[in-house]
>>> print(open('structure-v1.txt').read())   # compact mmCIF, C-alpha atoms and all ligand atoms
# COMPACT_ATOMS: atom_id res chain seq x y z
CA MET A 16 16.40 -16.37 45.34
CA THR A 17 18.66 -17.20 48.25
CA ASN A 18 21.86 -15.33 48.68
CA LEU A 19 23.11 -17.43 51.54
CA PRO A 20 26.46 -19.12 50.95
CA LEU A 21 25.82 -22.73 49.98
CA LEU A 22 29.20 -23.68 48.67
CA PHE A 23 31.88 -24.50 51.23
CA ASP A 24 35.11 -26.38 50.71
CA ASN A 25 36.32 -29.33 52.77
CA HIS A 26 38.23 -26.91 55.04
CA GLY A 27 35.11 -24.91 55.91
CA ARG A 28 35.96 -21.98 53.65
CA GLU A 29 32.95 -20.28 52.10
CA MET A 30 33.26 -20.00 48.32
CA SER A 31 31.73 -16.68 47.35
CA TYR A 32 33.94 -15.18 44.66
CA LEU A 33 34.32 -16.26 41.03
CA ARG A 34 37.19 -15.19 38.81
CA LEU A 35 36.22 -15.77 35.22
CA ALA A 36 38.80 -15.51 32.42
CA VAL A 37 36.79 -14.62 29.32
CA THR A 38 39.66 -14.92 26.83
CA ASP A 39 43.28 -16.03 26.64
CA ARG A 40 44.17 -13.29 24.14
CA CYS A 41 45.88 -10.07 24.97
CA ASN A 42 47.08 -6.89 23.32
CA LEU A 43 50.12 -6.60 25.64
CA ARG A 44 52.98 -9.05 26.19
CA CYS A 45 53.96 -8.50 29.83
CA THR A 46 57.24 -10.33 30.46
CA TYR A 47 55.98 -11.91 33.72
CA CYS A 48 52.86 -13.25 31.96
CA MET A 49 53.88 -14.53 28.54
CA PRO A 50 56.72 -14.80 26.06
CA ALA A 51 57.35 -12.05 23.48
CA GLU A 52 55.81 -14.14 20.70
CA GLY A 53 52.65 -14.70 22.79
CA ILE A 54 51.18 -18.12 23.51
CA ALA A 55 49.41 -20.54 21.19
CA TYR A 56 45.95 -19.02 21.43
CA LEU A 57 43.03 -21.40 21.45
CA PRO A 58 40.53 -21.47 18.59
CA GLN A 59 37.26 -19.73 19.53
CA LYS A 60 35.26 -22.97 19.83
CA LYS A 61 37.69 -24.24 22.48
CA LEU A 62 36.84 -21.25 24.64
CA LEU A 63 33.70 -21.03 26.72
CA SER A 64 31.01 -19.17 24.80
CA TRP A 65 29.35 -16.09 26.33
CA GLU A 66 26.18 -18.17 26.82
CA GLU A 67 28.11 -20.88 28.67
CA MET A 68 29.79 -18.32 30.88
CA LEU A 69 26.47 -16.65 31.65
CA ARG A 70 25.02 -19.99 32.68
CA ILE A 71 27.99 -20.76 34.94
CA VAL A 72 27.63 -17.40 36.70
CA HIS A 73 23.86 -17.89 37.10
CA VAL A 74 24.28 -21.33 38.65
CA LEU A 75 27.12 -20.26 40.92
CA ASN A 76 25.09 -17.24 41.97
CA GLN A 77 22.38 -19.67 43.07
CA LEU A 78 25.09 -21.36 45.16
CA GLY A 79 25.84 -18.07 46.90
CA ILE A 80 28.52 -16.50 44.72
CA ARG A 81 28.21 -12.77 45.33
CA LYS A 82 31.13 -11.41 43.40
CA VAL A 83 32.47 -12.10 39.93
CA ARG A 84 35.68 -10.69 38.52
CA ILE A 85 35.97 -10.63 34.75
CA THR A 86 39.55 -11.13 33.69
CA GLY A 87 41.59 -12.76 30.93
CA GLY A 88 43.81 -12.36 28.83
CA GLU A 89 42.55 -8.90 28.20
CA PRO A 90 38.75 -8.95 28.56
CA PHE A 91 38.22 -5.99 26.23
CA VAL A 92 39.82 -7.75 23.25
CA ARG A 93 37.01 -10.33 23.07
CA PRO A 94 34.14 -9.00 20.94
CA GLY A 95 30.83 -9.08 22.81
CA LEU A 96 32.19 -8.26 26.27
CA MET A 97 29.87 -5.30 26.85
CA ASP A 98 26.77 -7.33 25.85
CA PHE A 99 27.88 -10.06 28.24
CA LEU A 100 28.32 -7.53 31.06
CA GLN A 101 24.86 -6.19 30.33
CA GLU A 102 23.42 -9.68 30.88
CA LEU A 103 25.51 -10.23 34.02
CA ALA A 104 24.27 -6.94 35.45
CA LYS A 105 20.73 -8.36 35.47
CA ILE A 106 21.71 -11.02 38.03
CA GLU A 107 20.63 -10.06 41.53
CA ASN A 108 23.05 -9.83 44.45
CA LEU A 109 26.09 -10.00 42.26
CA GLU A 110 28.95 -7.52 42.36
CA ILE A 111 30.76 -7.31 39.02
CA CYS A 112 34.44 -6.34 38.98
CA LEU A 113 36.95 -6.18 36.16
CA THR A 114 40.68 -6.66 35.78
CA THR A 115 42.14 -5.00 32.71
CA ASN A 116 45.35 -3.58 31.31
CA GLY A 117 43.37 -0.42 30.55
CA VAL A 118 44.46 0.00 26.92
CA LEU A 119 40.95 -0.25 25.45
CA LEU A 120 38.93 1.24 28.32
CA GLU A 121 38.34 4.68 26.85
CA ASN A 122 35.13 3.97 24.92
CA HIS A 123 33.55 1.86 27.63
CA LEU A 124 33.74 3.93 30.80
CA ASP A 125 30.24 5.44 30.55
CA SER A 126 28.66 2.09 29.72
CA LEU A 127 30.41 0.45 32.67
CA LEU A 128 29.09 3.11 35.02
CA ASN A 129 25.60 2.76 33.55
CA LEU A 130 25.75 -0.96 34.34
CA GLY A 131 26.82 -0.18 37.92
CA ILE A 132 30.32 -1.59 37.37
CA LYS A 133 32.66 0.62 39.38
CA ASN A 134 35.34 -1.74 40.66
CA VAL A 135 38.21 -1.91 38.24
CA ASN A 136 41.67 -3.34 38.82
CA LEU A 137 44.09 -1.81 36.38
CA SER A 138 47.49 -3.39 35.82
CA LEU A 139 50.20 -0.77 35.83
CA ASP A 140 53.67 -1.91 36.85
CA SER A 141 55.43 1.38 36.19
CA LEU A 142 54.75 5.10 36.09
CA ASP A 143 57.58 5.53 33.61
CA SER A 144 56.70 5.08 29.94
CA GLU A 145 60.05 3.51 28.99
CA ARG A 146 59.88 0.93 31.74
CA PHE A 147 56.22 0.31 30.88
CA PHE A 148 57.40 -0.50 27.34
CA LYS A 149 60.15 -2.81 28.63
CA ILE A 150 57.65 -4.70 30.77
CA THR A 151 54.67 -4.88 28.41
CA ARG A 152 56.61 -4.86 25.11
CA ARG A 153 54.03 -2.39 23.80
CA ASN A 154 53.99 1.39 23.59
CA ASP A 155 50.65 2.05 25.30
CA PHE A 156 51.65 3.89 28.47
CA ASP A 157 50.04 7.21 27.55
CA GLN A 158 46.76 5.57 26.66
CA VAL A 159 46.66 3.53 29.89
CA TYR A 160 47.61 6.50 32.06
CA ARG A 161 44.97 8.70 30.42
CA ASN A 162 42.35 6.03 31.03
CA LEU A 163 43.46 5.71 34.65
CA MET A 164 42.95 9.45 35.12
CA ARG A 165 39.55 9.30 33.43
CA MET A 166 38.49 6.54 35.80
CA ILE A 167 39.62 8.47 38.85
CA GLU A 168 37.72 11.55 37.66
CA ALA A 169 34.61 9.44 37.08
CA ASN A 170 34.85 8.04 40.65
CA PHE A 171 35.58 4.44 39.77
CA ILE A 172 36.97 2.37 42.64
CA VAL A 173 40.41 1.76 41.23
CA LYS A 174 43.07 -0.69 42.30
CA LEU A 175 46.41 -0.53 40.54
CA ASN A 176 48.11 -3.93 40.26
CA ALA A 177 51.89 -3.79 40.07
CA VAL A 178 53.95 -6.99 39.86
CA VAL A 179 57.35 -6.33 41.48
CA MET A 180 60.20 -7.73 39.40
CA HIS A 181 63.86 -7.90 40.33
CA GLY A 182 65.99 -5.73 38.04
CA MET A 183 62.92 -4.39 36.25
CA ASN A 184 60.64 -2.09 38.23
CA GLU A 185 61.80 -1.90 41.84
CA THR A 186 62.48 1.79 41.19
CA ASP A 187 58.72 2.15 40.74
CA ILE A 188 57.77 0.98 44.23
CA LEU A 189 58.21 4.33 45.99
CA PRO A 190 56.73 6.49 43.18
CA LEU A 191 53.68 4.21 43.14
CA VAL A 192 53.24 4.64 46.90
CA ASN A 193 53.64 8.38 46.39
CA PHE A 194 50.94 8.28 43.73
CA THR A 195 48.44 7.47 46.50
CA GLU A 196 49.08 10.86 48.12
CA LYS A 197 46.97 12.80 45.64
CA HIS A 198 44.95 9.97 44.08
CA PRO A 199 42.26 7.88 45.81
CA VAL A 200 43.46 4.53 44.49
CA SER A 201 44.79 1.35 46.09
CA VAL A 202 48.17 0.38 44.74
CA ARG A 203 48.73 -3.33 45.22
CA PHE A 204 52.20 -4.75 44.87
CA ILE A 205 52.07 -8.37 43.77
CA GLU A 206 54.81 -10.92 44.30
CA GLU A 207 55.84 -12.34 40.93
CA MET A 208 54.53 -15.85 40.34
CA PRO A 209 55.96 -18.43 37.92
CA PHE A 210 53.06 -18.23 35.43
CA ASN A 211 54.96 -16.65 32.55
CA GLY A 212 54.55 -19.45 30.05
CA SER A 213 58.27 -20.35 30.14
CA GLY A 214 58.23 -23.39 32.41
CA LEU A 215 61.00 -21.83 34.52
CA VAL A 216 60.20 -21.66 38.22
CA GLU A 217 62.38 -19.64 40.58
CA GLU A 218 63.07 -21.38 43.88
CA LYS A 219 63.37 -18.13 45.74
CA LEU A 220 61.79 -14.78 45.18
CA PHE A 221 63.88 -11.64 45.71
CA TRP A 222 61.01 -9.16 46.07
CA ASP A 223 58.85 -11.04 48.52
CA TYR A 224 56.22 -9.29 50.63
CA ARG A 225 58.65 -8.64 53.51
CA ARG A 226 61.24 -6.98 51.30
CA ILE A 227 58.59 -4.88 49.54
CA LEU A 228 57.27 -3.63 52.89
CA SER A 229 60.67 -2.83 54.36
CA HIS A 230 61.59 -0.98 51.17
CA ILE A 231 58.40 1.11 51.44
CA LYS A 232 59.23 1.84 55.09
CA THR A 233 62.59 3.37 54.15
CA GLU A 234 60.68 6.30 52.67
CA PHE A 235 57.38 6.04 54.55
CA PRO A 236 58.33 4.93 58.11
CA HIS A 237 54.93 6.00 59.48
CA ILE A 238 52.88 3.81 57.16
CA GLU A 239 50.06 2.13 59.11
CA GLU A 240 48.63 -1.32 58.73
CA VAL A 241 44.92 -1.49 57.84
CA PRO A 242 42.94 -4.54 59.10
CA MET A 243 42.47 -7.23 56.47
CA ALA A 244 38.92 -8.19 55.45
CA TYR A 245 38.01 -11.92 55.32
CA GLY A 246 38.90 -13.46 51.98
CA GLU A 247 41.23 -10.62 51.05
CA THR A 248 44.61 -11.55 49.59
CA SER A 249 46.17 -8.17 50.07
CA LYS A 250 47.71 -6.96 53.31
CA ASN A 251 46.93 -3.27 53.33
CA TYR A 252 48.67 -0.12 54.54
CA HIS A 253 48.00 3.58 54.57
CA VAL A 254 50.34 6.52 54.72
CA PRO A 255 48.75 9.08 57.10
CA GLY A 256 47.33 12.00 55.13
CA PHE A 257 47.36 10.20 51.76
CA MET A 258 44.13 9.82 49.78
CA GLY A 259 44.75 6.26 48.64
CA ASP A 260 46.32 3.18 50.17
CA VAL A 261 48.81 0.47 49.49
CA GLY A 262 48.55 -3.32 49.56
CA ILE A 263 50.98 -6.20 49.22
CA ILE A 264 49.82 -9.53 47.79
CA ALA A 265 52.00 -12.46 48.84
CA ALA A 266 51.00 -14.44 45.76
CA PHE A 267 54.23 -16.46 45.65
CA SER A 268 54.64 -16.84 49.43
CA ARG A 269 50.97 -17.84 49.74
CA THR A 270 50.27 -16.47 53.21
CA PHE A 271 46.53 -15.96 52.65
CA CYS A 272 45.28 -19.43 51.65
CA GLY A 273 43.48 -19.95 54.98
CA SER A 274 40.65 -17.64 53.97
CA CYS A 275 40.66 -18.12 50.19
CA ASN A 276 37.10 -17.86 48.85
CA ARG A 277 37.96 -17.95 45.12
CA ILE A 278 36.68 -20.17 42.35
CA ARG A 279 38.59 -19.80 39.11
CA VAL A 280 37.24 -20.69 35.70
CA THR A 281 39.76 -20.36 32.88
CA SER A 282 38.92 -19.29 29.33
CA LEU A 283 39.22 -22.94 28.32
CA GLY A 284 36.57 -23.81 30.90
CA GLN A 285 38.82 -25.48 33.45
CA VAL A 286 37.80 -25.13 37.09
CA LYS A 287 40.68 -24.29 39.39
CA THR A 288 40.19 -24.61 43.13
CA CYS A 289 43.58 -22.93 43.57
CA LEU A 290 45.74 -20.68 41.40
CA TYR A 291 48.55 -23.24 41.71
CA ASP A 292 46.62 -26.33 40.58
CA ASP A 293 46.67 -27.35 36.92
CA GLY A 294 42.91 -27.38 36.45
CA VAL A 295 40.81 -29.93 38.30
CA PHE A 296 37.71 -30.22 36.12
CA ASP A 297 36.74 -29.59 32.50
CA LEU A 298 33.56 -27.57 32.89
CA LYS A 299 33.26 -26.81 29.18
CA GLU A 300 33.15 -30.47 28.12
CA TYR A 301 30.77 -31.18 31.01
CA LEU A 302 28.35 -28.41 29.97
CA ARG A 303 28.48 -29.61 26.37
CA LEU A 304 27.20 -33.03 27.50
CA GLY A 305 23.87 -31.30 28.15
CA VAL A 306 23.87 -31.51 31.96
CA SER A 307 21.17 -29.82 34.07
CA ASP A 308 21.73 -26.88 36.44
CA GLU A 309 21.20 -29.28 39.34
CA ASP A 310 23.99 -31.56 38.00
CA LEU A 311 26.23 -28.55 37.65
CA LYS A 312 25.58 -27.43 41.23
CA ASN A 313 26.24 -30.89 42.64
CA THR A 314 29.43 -31.19 40.63
CA MET A 315 30.74 -27.86 41.92
CA ILE A 316 29.93 -28.94 45.48
CA LYS A 317 31.86 -32.19 44.90
CA ILE A 318 34.87 -30.43 43.33
CA PHE A 319 35.19 -28.02 46.26
CA GLY A 320 34.76 -30.89 48.69
CA GLU A 321 38.17 -32.14 47.55
CA ARG A 322 40.12 -28.90 47.67
CA PRO A 323 43.77 -28.76 48.77
CA LYS A 324 44.26 -26.77 51.93
CA ASP A 325 46.73 -24.34 50.38
CA GLY A 326 48.70 -23.39 47.29
CA PHE A 327 51.66 -25.59 48.27
CA GLU A 328 49.50 -28.69 48.46
CA ALA A 329 47.82 -27.72 45.16
CA GLU A 330 51.22 -27.30 43.50
CA ASN A 331 52.36 -30.71 44.80
CA ASN A 332 49.23 -32.33 43.38
CA ARG A 333 49.96 -31.07 39.86
CA LYS A 334 50.54 -33.60 37.15
CA GLY A 335 53.27 -31.49 35.54
CA VAL A 336 55.52 -28.52 36.28
CA ILE A 337 54.13 -25.00 36.08
CA ASN A 338 54.49 -23.95 32.44
CA GLU A 339 51.25 -22.11 31.75
CA SER A 340 50.79 -18.42 31.18
CA MET A 341 48.70 -16.22 33.46
CA THR A 342 46.88 -15.00 30.36
CA SER A 343 44.96 -18.29 30.22
CA ILE A 344 44.35 -18.40 33.98
CA GLY A 345 43.22 -14.87 34.70
CA GLY A 346 45.35 -14.01 37.73
N1 LIG A 401 45.01 -8.42 31.09
C1 LIG A 401 44.46 -8.03 32.31
C2 LIG A 401 45.46 -7.34 33.18
O1 LIG A 401 46.66 -7.42 32.91
O2 LIG A 401 45.04 -6.70 34.14
C3 LIG A 401 43.80 -9.16 33.07
C4 LIG A 401 44.50 -10.48 33.09
S1 LIG A 401 46.04 -10.52 33.97
C5 LIG A 401 46.52 -12.19 33.73
C6 LIG A 401 45.47 -10.45 35.65
C7 LIG A 401 46.50 -10.05 36.66
O3 LIG A 401 47.48 -11.07 36.74
C8 LIG A 401 47.24 -8.77 36.34
O4 LIG A 401 47.10 -7.85 37.40
C9 LIG A 401 48.67 -9.18 36.20
O5 LIG A 401 49.55 -8.22 36.69
C10 LIG A 401 48.71 -10.45 37.03
N2 LIG A 401 49.79 -11.34 36.65
C11 LIG A 401 50.03 -11.86 35.43
N3 LIG A 401 51.13 -12.66 35.46
C12 LIG A 401 51.59 -12.63 36.72
C13 LIG A 401 52.70 -13.24 37.38
N4 LIG A 401 53.55 -14.04 36.74
N5 LIG A 401 52.88 -12.99 38.70
C14 LIG A 401 52.02 -12.17 39.36
N6 LIG A 401 50.95 -11.57 38.80
C15 LIG A 401 50.74 -11.79 37.49
FE1 LIG A 402 48.09 -9.27 28.97
FE2 LIG A 402 47.36 -8.92 31.46
FE3 LIG A 402 49.11 -10.84 30.80
FE4 LIG A 402 49.87 -8.33 30.65
S1 LIG A 402 49.26 -9.41 32.51
S2 LIG A 402 50.19 -9.89 29.07
S3 LIG A 402 48.04 -7.32 30.05
S4 LIG A 402 46.98 -10.76 30.23
>>> encode(input="structure-v1.txt", output="C-alpha cells")
Amino acid sequence: MTNLPLLFDNHGREMSYLRLAVTDRCNLRCTYCMPAEGIAYLPQKKLLSWEEMLRIVHVLNQLGIRKVRITGGEPFVRPGLMDFLQELAKIENLEICLTTNGVLLENHLDSLLNLGIKNVNLSLDSLDSERFFKITRRNDFDQVYRNLMRMIEANFIVKLNAVVMHGMNETDILPLVNFTEKHPVSVRFIEEMPFNGSGLVEEKLFWDYRRILSHIKTEFPHIEEVPMAYGETSKNYHVPGFMGDVGIIAAFSRTFCGSCNRIRVTSLGQVKTCLYDDGVFDLKEYLRLGVSDEDLKNTMIKIFGERPKDGFEAENNRKGVINESMTSIGG
C-alpha cells in the first residue's frame, strides 16, 4: 500500500493528520468547553459507529493519512474504545495518538503500550486541586495527577494541554513551566477559543500567545525557542537544563493556518476542513447511502479542494455564529 500523500488542499497543503472525535460525551465539565449542565448529547445511532470510523481511517490511510488522533468528548467513556484501538493498530504506517482528560486512564495504560500507542495528550489546566475543581467542575485531580505520573514512569510521550483563562488559571502558568524541570513532558498553553457551547464569542483575548510568552519570560528569561516542525500548531520553547519543554498554541489568534494538515471528523460524522468552520460535509449520512471506498476517496479530495485558506475565512463562511461545544468537535 502506498504511503505517499495523495490528499492536498487547494492551497497546496498536504493533508496527513486526522483528528477523530469518537464521542461527544464527557465525565468532566470544563468551563471553557461546555456548560455546567453539559450539552444535549446525541443518541448513539446519530454517532458514527466504530465500524464506520474504522472504515474512514482505512480509506484516509490509503489517501496518505499517517497520523490519527483519537479525541472526543472523553474517548474513554465510550464503551468499545480499546477494541477499536486494537483494530486501528493493525493499519500499516499509521501513528495513533490520544487526547484525554486522564480520569479513566489507569486500567488501560498497559494495553495502550502493548498496542504501540505512546503519544498521549493529557488535559491539565492546573496543578492545584481546588482550581482543577473550579475549572472542570469535578473532583478528579488526584486521579488525573496519579495517572500522569504513571504515564511518565511508563515512558509515554506526554503532552500536557493547558487552556489559559483570564481570572481562572493564570497563576498556573509558571508552575506548569516549572513542572518541566524534573518531568520529561511538553506543557502546551492553549489560547482559549469560543467553543464553550454558550454562543458568546469574545472579540479580544486577554491571554494571547504574546502575553503568555512574556509572562513566562518574567521568570524564565533564558527560555529558548525550538524550531517548529511542519504542520505543528505549537510554537515551542525550552528552558536550558529542564527535562521537558513548553509550547504555546495560538488557537484563537490562528497564526499557524499556513501549514495546517488536519482533517477533523466529529462524533456526529461531520467533516471539518478547519476548526472554525461549522462542518462542511455529512460523512455519516454519506456512508449510510452505501457508497464505495472509491466514492469516499473522491469526495474527500473534492471537499479539501474547496478549503478556506485560514481560520478567519472559515469563520466568515459559517452559516451561524459559533455556539457549539468543543466536546462535539474534538479540539
Ligand atoms: N476530553 C479530552 C480532553 O479534554 O483532553 C479530549 C477532548 S477535548 C475537547 C480536546 C482538547 O480541546 C483539550 O485539550 C481541551 O483542553 C481543548 N479545548 C476544549 N475547549 C477548548 C476551548 N474553548 N479553547 C481551547 N481549547 C479547548
Ligand atoms: Fe470534557 Fe475534554 Fe471538554 Fe473538558 S475539555 S469537558 S475533559 S471534552
>>> residues_near_ligand(input="structure-v1.txt", ligand="ligand LIG 401 (chain A)", cutoff="7 Å", atoms="all atoms listed in the file", output="ChimeraX atom specification")
/A:41,47-48,86-90,114-116,136-138,176-178,205-211,266,341-342,344-346
>>> axis_aligned_box(input="structure-v1.txt", around="ligand LIG 402 (chain A)", padding_each_side="4 Å", output="JSON")
{"center_x": 48.6, "center_y": -9.1, "center_z": 30.7, "size_x": 11.2, "size_y": 11.5, "size_z": 11.5}
>>> closest_residue(input="structure-v1.txt", among="A:Ile150, A:Met68, A:Leu228, A:Leu100", to="ligand LIG 402 (chain A)", atoms="only C-alpha atoms and all ligand atoms")
A:Ile150
>>> residues_around(input="structure-v1.txt", residues="Lys312 (chain A)", least_positions_apart="4", cutoff="12 Å", atoms="only C-alpha atoms", output="number ranges by chain")
A: 21-22, 70-80, 298, 302, 306-308, 316-319
>>> atom_distance(input="structure-v1.txt", atom1="CA of Phe267 (chain A)", atom2="CA of Pro323 (chain A)")
16.4 Å
>>> closest_residue(input="structure-v1.txt", among="A:Arg277, A:Arg153, A:His198, A:Arg303", to="Arg44 (chain A)", atoms="all atoms listed in the file")
A:Arg153
>>> residues_around(input="structure-v1.txt", residues="Met97 (chain A)", least_positions_apart="6", cutoff="9 Å", atoms="all atoms listed in the file", output="list in words")
Phe91, His123, Ser126 and Leu127 of chain A
>>> atom_distance(input="structure-v1.txt", atom1="CA of Leu175 (chain A)", atom2="CA of Glu247 (chain A)")
15.5 Å
>>> decode(input="structure-v1.txt", residues="region 278-310 of chain A", atoms="N, CA and C atoms", output="CSV table (one decimal), in the first residue's frame")
chain,number,residue,atom,x,y,z
A,278,ILE,N,-7.4,17.0,9.2
A,278,ILE,CA,-8.8,16.7,8.8
A,278,ILE,C,-9.5,16.4,10.1
A,279,ARG,N,-10.6,17.1,10.3
A,279,ARG,CA,-11.4,16.7,11.5
A,279,ARG,C,-12.7,16.0,11.2
A,280,VAL,N,-13.0,15.0,11.9
A,280,VAL,CA,-14.3,14.3,11.8
A,280,VAL,C,-14.9,14.3,13.2
A,281,THR,N,-16.1,14.9,13.3
A,281,THR,CA,-16.7,15.0,14.6
A,281,THR,C,-17.4,13.7,14.9
A,282,SER,N,-17.9,13.6,16.2
A,282,SER,CA,-18.6,12.4,16.6
A,282,SER,C,-19.9,12.2,15.8
A,283,LEU,N,-20.4,13.2,15.3
A,283,LEU,CA,-21.7,13.2,14.5
A,283,LEU,C,-21.4,12.8,13.1
A,284,GLY,N,-20.1,12.8,12.7
A,284,GLY,CA,-19.7,12.4,11.4
A,284,GLY,C,-19.6,13.6,10.4
A,285,GLN,N,-19.5,14.8,11.0
A,285,GLN,CA,-19.3,15.9,10.1
A,285,GLN,C,-17.8,16.1,9.8
A,286,VAL,N,-17.5,16.4,8.5
A,286,VAL,CA,-16.1,16.7,8.2
A,286,VAL,C,-15.9,18.2,8.4
A,287,LYS,N,-14.8,18.5,9.0
A,287,LYS,CA,-14.4,19.9,9.2
A,287,LYS,C,-13.0,20.1,8.5
A,288,THR,N,-13.0,21.1,7.6
A,288,THR,CA,-11.7,21.3,7.0
A,288,THR,C,-10.9,22.3,7.8
A,289,CYS,N,-11.6,22.9,8.8
A,289,CYS,CA,-11.0,23.9,9.7
A,289,CYS,C,-11.8,23.8,11.0
A,290,LEU,N,-11.0,24.0,12.1
A,290,LEU,CA,-11.7,24.0,13.4
A,290,LEU,C,-12.8,25.1,13.5
A,291,TYR,N,-12.7,26.2,12.7
A,291,TYR,CA,-13.6,27.3,12.8
A,291,TYR,C,-14.8,27.2,11.8
A,292,ASP,N,-14.8,26.1,11.0
A,292,ASP,CA,-16.0,26.0,10.1
A,292,ASP,C,-17.1,25.3,10.9
A,293,ASP,N,-18.3,25.3,10.3
A,293,ASP,CA,-19.4,24.7,11.1
A,293,ASP,C,-19.8,23.3,10.5
A,294,GLY,N,-18.8,22.6,9.9
A,294,GLY,CA,-19.0,21.3,9.4
A,294,GLY,C,-19.3,21.4,7.9
A,295,VAL,N,-18.5,20.9,7.0
A,295,VAL,CA,-18.7,21.1,5.6
A,295,VAL,C,-19.4,19.9,4.9
A,296,PHE,N,-19.4,18.8,5.6
A,296,PHE,CA,-19.9,17.6,4.9
A,296,PHE,C,-20.4,16.6,5.9
A,297,ASP,N,-21.6,16.0,5.6
A,297,ASP,CA,-22.1,14.9,6.5
A,297,ASP,C,-21.6,13.6,6.0
A,298,LEU,N,-20.5,13.1,6.6
A,298,LEU,CA,-19.9,11.9,6.2
A,298,LEU,C,-20.7,10.7,6.6
A,299,LYS,N,-21.4,10.8,7.8
A,299,LYS,CA,-22.2,9.7,8.3
A,299,LYS,C,-23.3,9.4,7.3
A,300,GLU,N,-24.1,10.4,7.0
A,300,GLU,CA,-25.2,10.2,6.1
A,300,GLU,C,-24.7,9.6,4.7
A,301,TYR,N,-23.6,10.1,4.3
A,301,TYR,CA,-23.0,9.7,3.0
A,301,TYR,C,-22.6,8.2,3.1
A,302,LEU,N,-21.9,7.8,4.2
A,302,LEU,CA,-21.6,6.4,4.3
A,302,LEU,C,-22.8,5.5,4.3
A,303,ARG,N,-23.8,6.0,5.0
A,303,ARG,CA,-25.1,5.2,5.1
A,303,ARG,C,-25.9,5.1,3.8
A,304,LEU,N,-25.4,5.8,2.8
A,304,LEU,CA,-26.1,5.6,1.5
A,304,LEU,C,-25.5,4.4,0.8
A,305,GLY,N,-24.4,3.8,1.4
A,305,GLY,CA,-23.8,2.6,0.8
A,305,GLY,C,-22.7,2.9,-0.3
A,306,VAL,N,-22.0,4.0,-0.1
A,306,VAL,CA,-21.0,4.4,-1.1
A,306,VAL,C,-19.8,3.5,-1.1
A,307,SER,N,-19.1,3.5,-2.2
A,307,SER,CA,-17.9,2.7,-2.2
A,307,SER,C,-16.7,3.4,-1.7
A,308,ASP,N,-15.6,2.7,-1.4
A,308,ASP,CA,-14.4,3.4,-0.9
A,308,ASP,C,-13.9,4.4,-1.9
A,309,GLU,N,-14.0,4.1,-3.2
A,309,GLU,CA,-13.5,5.0,-4.3
A,309,GLU,C,-14.3,6.3,-4.2
A,310,ASP,N,-15.7,6.1,-4.0
A,310,ASP,CA,-16.5,7.3,-3.9
A,310,ASP,C,-16.1,8.2,-2.7
